[in-house]
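Pasted below: query.pdb, PDB, C-alpha atoms, pLDDT in the B column.
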ATOM      1  CA  MET A 180      26.742 -35.643  50.794  1.00 59.00           C
ATOM      2  CA  LYS A 181      23.157 -34.697  49.976  1.00 68.00           C
ATOM      3  CA  LYS A 182      22.492 -33.770  46.383  1.00 68.00           C
ATOM      4  CA  LYS A 183      19.905 -31.208  45.410  1.00 66.00           C
ATOM      5  CA  ALA A 184      18.129 -30.643  42.157  1.00 66.00           C
ATOM      6  CA  VAL A 185      17.092 -27.273  40.829  1.00 66.00           C
ATOM      7  CA  VAL A 186      14.428 -27.090  38.154  1.00 64.00           C
ATOM      8  CA  PHE A 187      13.768 -24.088  35.953  1.00 65.00           C
ATOM      9  CA  ASP A 188      10.705 -23.944  33.756  1.00 59.00           C
ATOM     10  CA  VAL A 189      10.369 -21.967  30.542  1.00 54.00           C
ATOM     11  CA  ALA A 190       7.615 -19.698  31.830  1.00 56.00           C
ATOM     12  CA  GLY A 191       9.899 -16.747  32.432  1.00 60.00           C
ATOM     13  CA  THR A 192      12.114 -17.988  35.257  1.00 70.00           C
ATOM     14  CA  LEU A 193      15.420 -17.198  33.541  1.00 73.00           C
ATOM     15  CA  LEU A 194      14.322 -15.261  30.465  1.00 70.00           C
ATOM     16  CA  ARG A 195      11.983 -12.454  29.635  1.00 73.00           C
ATOM     17  CA  ARG A 196      10.181 -14.322  26.845  1.00 76.00           C
ATOM     18  CA  CYS A 197       8.740 -12.964  23.624  1.00 79.00           C
ATOM     19  CA  ARG A 198       7.391 -14.501  20.449  1.00 85.00           C
ATOM     20  CA  ALA A 199       6.036 -13.629  17.029  1.00 88.00           C
ATOM     21  CA  VAL A 200       3.276 -15.496  15.201  1.00 93.00           C
ATOM     22  CA  MET A 201       2.662 -14.974  11.483  1.00 95.00           C
ATOM     23  CA  SER A 202      -0.127 -16.184   9.213  1.00 95.00           C
ATOM     24  CA  VAL A 203       1.229 -18.061   6.202  1.00 96.00           C
ATOM     25  CA  ASP A 204      -1.821 -17.038   4.148  1.00 94.00           C
ATOM     26  CA  THR A 205      -1.844 -13.302   4.860  1.00 94.00           C
ATOM     27  CA  GLY A 206       1.532 -12.424   6.386  1.00 91.00           C
ATOM     28  CA  LYS A 207      -0.383 -10.813   9.265  1.00 91.00           C
ATOM     29  CA  HIS A 208       1.239 -10.909  12.705  1.00 88.00           C
ATOM     30  CA  PHE A 209      -0.605 -11.959  15.841  1.00 84.00           C
ATOM     31  CA  LYS A 210      -0.063 -11.325  19.545  1.00 78.00           C
ATOM     32  CA  GLU A 211      -2.444 -14.042  20.778  1.00 82.00           C
ATOM     33  CA  SER A 212      -1.219 -17.110  22.602  1.00 85.00           C
ATOM     34  CA  SER A 213      -0.445 -19.949  20.206  1.00 87.00           C
ATOM     35  CA  LEU A 214      -2.299 -22.341  22.523  1.00 87.00           C
ATOM     36  CA  ASP A 215      -5.399 -20.144  22.402  1.00 90.00           C
ATOM     37  CA  MET A 216      -5.112 -20.034  18.599  1.00 92.00           C
ATOM     38  CA  ILE A 217      -5.044 -23.836  18.453  1.00 92.00           C
ATOM     39  CA  ASP A 218      -8.067 -24.117  20.721  1.00 90.00           C
ATOM     40  CA  GLU A 219      -9.884 -21.559  18.582  1.00 92.00           C
ATOM     41  CA  LEU A 220      -8.936 -23.254  15.292  1.00 92.00           C
ATOM     42  CA  GLY A 221      -9.624 -26.763  16.528  1.00 93.00           C
ATOM     43  CA  ASN A 222      -8.170 -29.783  14.741  1.00 95.00           C
ATOM     44  CA  SER A 223      -4.655 -28.338  14.876  1.00 96.00           C
ATOM     45  CA  ALA A 224      -1.269 -28.757  16.557  1.00 96.00           C
ATOM     46  CA  LEU A 225       1.625 -26.662  17.831  1.00 95.00           C
ATOM     47  CA  VAL A 226       4.808 -28.206  16.465  1.00 96.00           C
ATOM     48  CA  VAL A 227       8.305 -27.267  17.640  1.00 93.00           C
ATOM     49  CA  LEU A 228      11.491 -27.657  15.607  1.00 93.00           C
ATOM     50  CA  GLN A 229      14.261 -29.261  17.654  1.00 87.00           C
ATOM     51  CA  THR A 230      17.099 -27.099  16.335  1.00 86.00           C
ATOM     52  CA  ASN A 231      19.063 -23.908  16.858  1.00 83.00           C
ATOM     53  CA  PRO A 232      17.266 -21.404  14.573  1.00 86.00           C
ATOM     54  CA  LYS A 233      20.354 -19.255  13.986  1.00 83.00           C
ATOM     55  CA  GLU A 234      22.390 -22.194  12.722  1.00 88.00           C
ATOM     56  CA  THR A 235      19.700 -23.882  10.645  1.00 92.00           C
ATOM     57  CA  VAL A 236      16.512 -21.930   9.929  1.00 93.00           C
ATOM     58  CA  MET A 237      18.194 -18.592   9.266  1.00 91.00           C
ATOM     59  CA  ALA A 238      20.987 -20.210   7.229  1.00 93.00           C
ATOM     60  CA  ALA A 239      18.583 -22.090   4.934  1.00 96.00           C
ATOM     61  CA  ASP A 240      17.795 -21.182   1.349  1.00 97.00           C
ATOM     62  CA  PRO A 241      14.586 -19.083   1.680  1.00 97.00           C
ATOM     63  CA  ASP A 242      13.097 -20.844  -1.378  1.00 98.00           C
ATOM     64  CA  GLN A 243      13.687 -24.357  -0.023  1.00 98.00           C
ATOM     65  CA  LYS A 244      10.521 -26.297   0.808  1.00 97.00           C
ATOM     66  CA  PHE A 245      10.108 -26.717   4.547  1.00 97.00           C
ATOM     67  CA  TYR A 246       9.724 -30.492   4.256  1.00 97.00           C
ATOM     68  CA  ASP A 247      13.017 -30.702   2.324  1.00 97.00           C
ATOM     69  CA  PHE A 248      14.686 -28.533   4.968  1.00 97.00           C
ATOM     70  CA  LEU A 249      13.598 -30.971   7.707  1.00 96.00           C
ATOM     71  CA  LYS A 250      14.787 -34.018   5.793  1.00 96.00           C
ATOM     72  CA  ASN A 251      18.049 -32.567   4.438  1.00 96.00           C
ATOM     73  CA  ASN A 252      19.099 -31.286   7.864  1.00 94.00           C
ATOM     74  CA  GLU A 253      17.739 -34.273   9.834  1.00 93.00           C
ATOM     75  CA  ILE A 254      15.747 -31.958  12.107  1.00 94.00           C
ATOM     76  CA  ASP A 255      13.320 -33.539  14.518  1.00 93.00           C
ATOM     77  CA  ILE A 256       9.970 -32.008  15.309  1.00 95.00           C
ATOM     78  CA  TYR A 257       7.917 -32.330  18.463  1.00 94.00           C
ATOM     79  CA  ILE A 258       4.157 -31.889  18.917  1.00 95.00           C
ATOM     80  CA  SER A 259       3.994 -29.622  21.934  1.00 93.00           C
ATOM     81  CA  TYR A 260       0.214 -29.144  22.104  1.00 94.00           C
ATOM     82  CA  SER A 261      -2.594 -30.505  19.989  1.00 94.00           C
ATOM     83  CA  SER A 262      -6.346 -30.508  19.588  1.00 94.00           C
ATOM     84  CA  VAL A 263      -6.107 -33.279  16.984  1.00 94.00           C
ATOM     85  CA  LYS A 264      -4.924 -36.851  17.329  1.00 95.00           C
ATOM     86  CA  ILE A 265      -1.873 -37.069  15.074  1.00 95.00           C
ATOM     87  CA  SER A 266       1.566 -38.637  15.394  1.00 96.00           C
ATOM     88  CA  VAL A 267       4.819 -36.946  14.389  1.00 96.00           C
ATOM     89  CA  LYS A 268       5.275 -39.517  11.620  1.00 96.00           C
ATOM     90  CA  GLU A 269       1.795 -38.828  10.209  1.00 96.00           C
ATOM     91  CA  LEU A 270       2.328 -35.077  10.465  1.00 96.00           C
ATOM     92  CA  ILE A 271       5.606 -35.288   8.540  1.00 95.00           C
ATOM     93  CA  ASN A 272       3.902 -37.334   5.822  1.00 95.00           C
ATOM     94  CA  ARG A 273       1.150 -34.723   5.557  1.00 94.00           C
ATOM     95  CA  ILE A 274       3.445 -31.689   5.353  1.00 94.00           C
ATOM     96  CA  LYS A 275       5.394 -33.406   2.587  1.00 94.00           C
ATOM     97  CA  HIS A 276       2.752 -32.007   0.211  1.00 92.00           C
ATOM     98  CA  ASP A 277       2.686 -28.494   1.711  1.00 94.00           C
ATOM     99  CA  ASN A 278       4.603 -26.049  -0.500  1.00 94.00           C
ATOM    100  CA  ILE A 279       5.552 -23.725   2.366  1.00 97.00           C
ATOM    101  CA  THR A 280       9.138 -22.510   2.068  1.00 97.00           C
ATOM    102  CA  MET A 281      11.738 -21.474   4.598  1.00 97.00           C
ATOM    103  CA  HIS A 282      11.210 -17.771   4.012  1.00 96.00           C
ATOM    104  CA  TYR A 283       8.031 -17.960   6.142  1.00 96.00           C
ATOM    105  CA  PHE A 284      10.078 -19.187   9.110  1.00 95.00           C
ATOM    106  CA  GLN A 285      12.817 -16.634   8.447  1.00 94.00           C
ATOM    107  CA  ASP A 286      10.338 -13.745   8.098  1.00 94.00           C
ATOM    108  CA  VAL A 287       8.726 -14.421  11.473  1.00 92.00           C
ATOM    109  CA  ALA A 288      12.160 -14.652  13.129  1.00 89.00           C
ATOM    110  CA  ARG A 289      13.201 -11.322  11.585  1.00 88.00           C
ATOM    111  CA  CYS A 290       9.910  -9.808  12.759  1.00 86.00           C
ATOM    112  CA  LEU A 291      10.602 -11.007  16.299  1.00 84.00           C
ATOM    113  CA  SER A 292      14.084  -9.478  16.252  1.00 78.00           C
ATOM    114  CA  SER A 293      12.866  -6.156  14.880  1.00 76.00           C
ATOM    115  CA  GLU A 294      10.019  -5.877  17.416  1.00 74.00           C
ATOM    116  CA  HIS A 295      12.175  -6.855  20.388  1.00 69.00           C
ATOM    117  CA  ALA A 296      15.662  -5.363  20.130  1.00 69.00           C
ATOM    118  CA  PHE A 297      16.535  -6.801  23.560  1.00 65.00           C
ATOM    119  CA  ILE A 298      16.563 -10.426  22.364  1.00 65.00           C
ATOM    120  CA  GLU A 299      19.749 -12.199  23.363  1.00 58.00           C
ATOM    121  CA  ILE A 300      18.612 -15.734  22.692  1.00 57.00           C
ATOM    122  CA  CYS A 301      16.487 -16.919  19.793  1.00 61.00           C
ATOM    123  CA  SER A 302      15.258 -20.078  21.413  1.00 66.00           C
ATOM    124  CA  GLY A 303      12.959 -21.574  18.908  1.00 82.00           C
ATOM    125  CA  SER A 304      11.005 -21.982  15.740  1.00 91.00           C
ATOM    126  CA  ALA A 305       7.609 -23.600  15.585  1.00 94.00           C
ATOM    127  CA  PHE A 306       4.446 -23.768  13.529  1.00 96.00           C
ATOM    128  CA  ILE A 307       0.741 -24.394  13.843  1.00 97.00           C
ATOM    129  CA  TYR A 308      -0.462 -27.198  11.621  1.00 97.00           C
ATOM    130  CA  ASN A 309      -4.152 -27.127  10.667  1.00 96.00           C
ATOM    131  CA  ALA A 310      -5.359 -30.692  10.051  1.00 96.00           C
ATOM    132  CA  THR A 311      -8.614 -29.452   8.492  1.00 95.00           C
ATOM    133  CA  THR A 312      -6.794 -27.677   5.662  1.00 94.00           C
ATOM    134  CA  ASP A 313      -3.813 -30.072   5.855  1.00 94.00           C
ATOM    135  CA  LYS A 314      -1.448 -27.056   5.838  1.00 96.00           C
ATOM    136  CA  ILE A 315       0.931 -25.164   8.051  1.00 97.00           C
ATOM    137  CA  GLN A 316      -1.178 -22.131   8.921  1.00 96.00           C
ATOM    138  CA  TYR A 317       1.138 -20.097  11.172  1.00 97.00           C
ATOM    139  CA  THR A 318       4.878 -19.841  11.728  1.00 96.00           C
ATOM    140  CA  ILE A 319       6.267 -18.916  15.144  1.00 94.00           C
ATOM    141  CA  ALA A 320       9.589 -17.621  16.484  1.00 90.00           C
ATOM    142  CA  ALA A 321      10.461 -17.302  20.168  1.00 85.00           C
ATOM    143  CA  GLY A 322      13.288 -15.726  22.074  1.00 80.00           C
ATOM    144  CA  GLY A 323      14.202 -13.837  25.149  1.00 76.00           C
ATOM    145  CA  GLU A 324      16.581 -11.862  27.269  1.00 74.00           C
ATOM    146  CA  LEU A 325      18.244 -13.135  30.416  1.00 74.00           C
ATOM    147  CA  PHE A 326      16.922 -11.362  33.497  1.00 74.00           C
ATOM    148  CA  PRO A 327      19.603  -9.126  35.075  1.00 77.00           C
ATOM    149  CA  LYS A 328      20.245 -11.424  38.075  1.00 79.00           C
ATOM    150  CA  THR A 329      20.156 -14.752  36.182  1.00 75.00           C
ATOM    151  CA  SER A 330      23.948 -15.080  35.990  1.00 77.00           C
ATOM    152  CA  ASP A 331      24.231 -14.383  39.727  1.00 83.00           C
ATOM    153  CA  VAL A 332      21.636 -17.059  40.500  1.00 78.00           C
ATOM    154  CA  ILE A 333      23.478 -19.640  38.397  1.00 78.00           C
ATOM    155  CA  LYS A 334      26.820 -18.757  40.044  1.00 85.00           C
ATOM    156  CA  THR A 335      25.260 -19.056  43.515  1.00 83.00           C
ATOM    157  CA  LEU A 336      23.789 -22.452  42.669  1.00 79.00           C
ATOM    158  CA  LYS A 337      27.111 -23.689  41.289  1.00 82.00           C
ATOM    159  CA  ASN A 338      28.908 -22.554  44.439  1.00 84.00           C
ATOM    160  CA  ARG A 339      26.469 -24.433  46.659  1.00 79.00           C
TER     161      ARG A 339
END

How does this structure look as structure tokens?
Amino acid sequence: MKKKAVVFDVAGTLLRRCRAVMSVDTGKHFKESSLDMIDELGNSALVVLQTNPKETVMAADPDQKFYDFLKNNEIDIYISYSSVKISVKELINRIKHDNITMHYFQDVARCLSSEHAFIEICSGSAFIYNATTDKIQYTIAAGGELFPKTSDVIKTLKNR
């Protein structure tokens, strides 16, 4: 029997994607692409939290330091895109001294939900780290809604 592989990317194949980006310094929200923001900032990185935001980020004490949240919950992070040469280990050591708290991550997630009532899946939390200032400069939340025919596509693939 021949086996087939089906690959879905995250560029809108299964979900109508949306995201919210918030400045830690001003609380201002941005619509720009996070990758464009990193290129514009220079010396920065897009870092993704490897966790379910509903179960961890949103359940956290809003006053807890972000670094403590990562360590206490054993949450891994991943550098998704970067314009600076930095390892995950070095990044974690640097953010140890950043006083950012969990409420910044929770606020951007709530903003995303309020702007996009259709969200079925909150798929991620991330941040932009600025190596020049040695701070987390932006927090990011992402989510989406399954396209109407997604379930049918999955059923068809399973049946084949």

Point to revise | Contacts of Lys264 (chain A) at 9 Å (all atoms listed in the file; same-chain gap of 3+ positions) as number ranges by chain | key: A: 222-224, 261

Residues of the last selection are to be written out with C-alpha atoms, as a short mmCIF file (atom, residue, chain, number, x, y, z; two decimals), in the frame of the given file.
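out_36.cif written:
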data_model
loop_
_atom_site.label_atom_id
_atom_site.label_comp_id
_atom_site.auth_asym_id
_atom_site.auth_seq_id
_atom_site.Cartn_x
_atom_site.Cartn_y
_atom_site.Cartn_z
CA ASN A 222 -8.17 -29.78 14.74
CA SER A 223 -4.66 -28.34 14.88
CA ALA A 224 -1.27 -28.76 16.56
CA SER A 261 -2.59 -30.50 19.99
#

Exercise for review: Find the spatial neighbours of region 309-323 of chain A, counting only C-alpha atoms, within a cut-off of 8 Å - ignore same-chain residues fewer than 3 positions away - and output them as JSON, numbers by chain.
Suggested key: {"A": [194, 195, 196, 197, 198, 199, 200, 201, 202, 203, 204, 220, 222, 223, 224, 263, 273, 274, 277, 279, 283, 284, 287, 288, 291, 297, 298, 299, 300, 301, 302, 303, 304, 305, 306]}

Practice item. May I ask for the distance between CA of Tyr260 (chain A) and CA of His282 (chain A), given in Å to one decimal place? Key: 24.0 Å

**Study point:** For His276 (chain A), the nearest of the candidates A:Ser213, A:Glu253, A:Asp218, A:Tyr246, counting all atoms listed in the file
**Key:**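 Among A:Ser213, A:Glu253, A:Asp218, A:Tyr246, it is A:Tyr246 that comes nearest to His276 (chain A).
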
Review point. Expanded to explicit residues, what is the PyMOL selection byres ((chain A and resi 326) around 8) for this file, as a VMD selection string?
Key: chain A and resid 193 to 195 324 to 325 327 to 329

Review point. Interatomic distance between CA of Met216 (chain A) and CA of Lys250 (chain A)?
Key: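 CA of Lys250 (chain A) lies at a distance of 27.5 Å from CA of Met216 (chain A).
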
Practice item. One decimal, Å: what's the distance from CA of Tyr257 (chain A) over to CA of Val227 (chain A), could you say? Key: 5.1 Å

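Of the listed residues A:Asn272, A:Thr205, A:Asn338, A:Ser293, the one whose atoms come nearest to Leu249 (chain A) is A:Asn272, with distances taken using all atoms listed in the file.
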
Where is the centre and how long are the edges: axis-aligned box on region 234-247 of chain A, 3 Å on each side, Å to one decimal, as JSON:
{"center_x": 16.1, "center_y": -24.6, "center_z": 5.7, "size_x": 18.7, "size_y": 18.1, "size_z": 20.1}

Practice item. Using all atoms listed in the file, find the one residue out of A:Gly206, A:Met281, A:Lys275, A:Ser262 that sits nearest to Thr235 (chain A). Key: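 Of all the options, A:Met281 lies closest to Thr235 (chain A).
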
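You can rank A:Leu336, A:Glu294, A:Lys244, A:Arg289 by their closest distance to Lys210 (chain A) using only C-alpha atoms, and at the top of that list sits A:Glu294.
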
Review point. Hey, what comes out of the PyMOL selection byres ((chain A and resi 239) around 12) on this file? Could you write it as a PyMOL selection string?
Key: chain A and resi 232-238+240-245+247-249+251-252+280-285
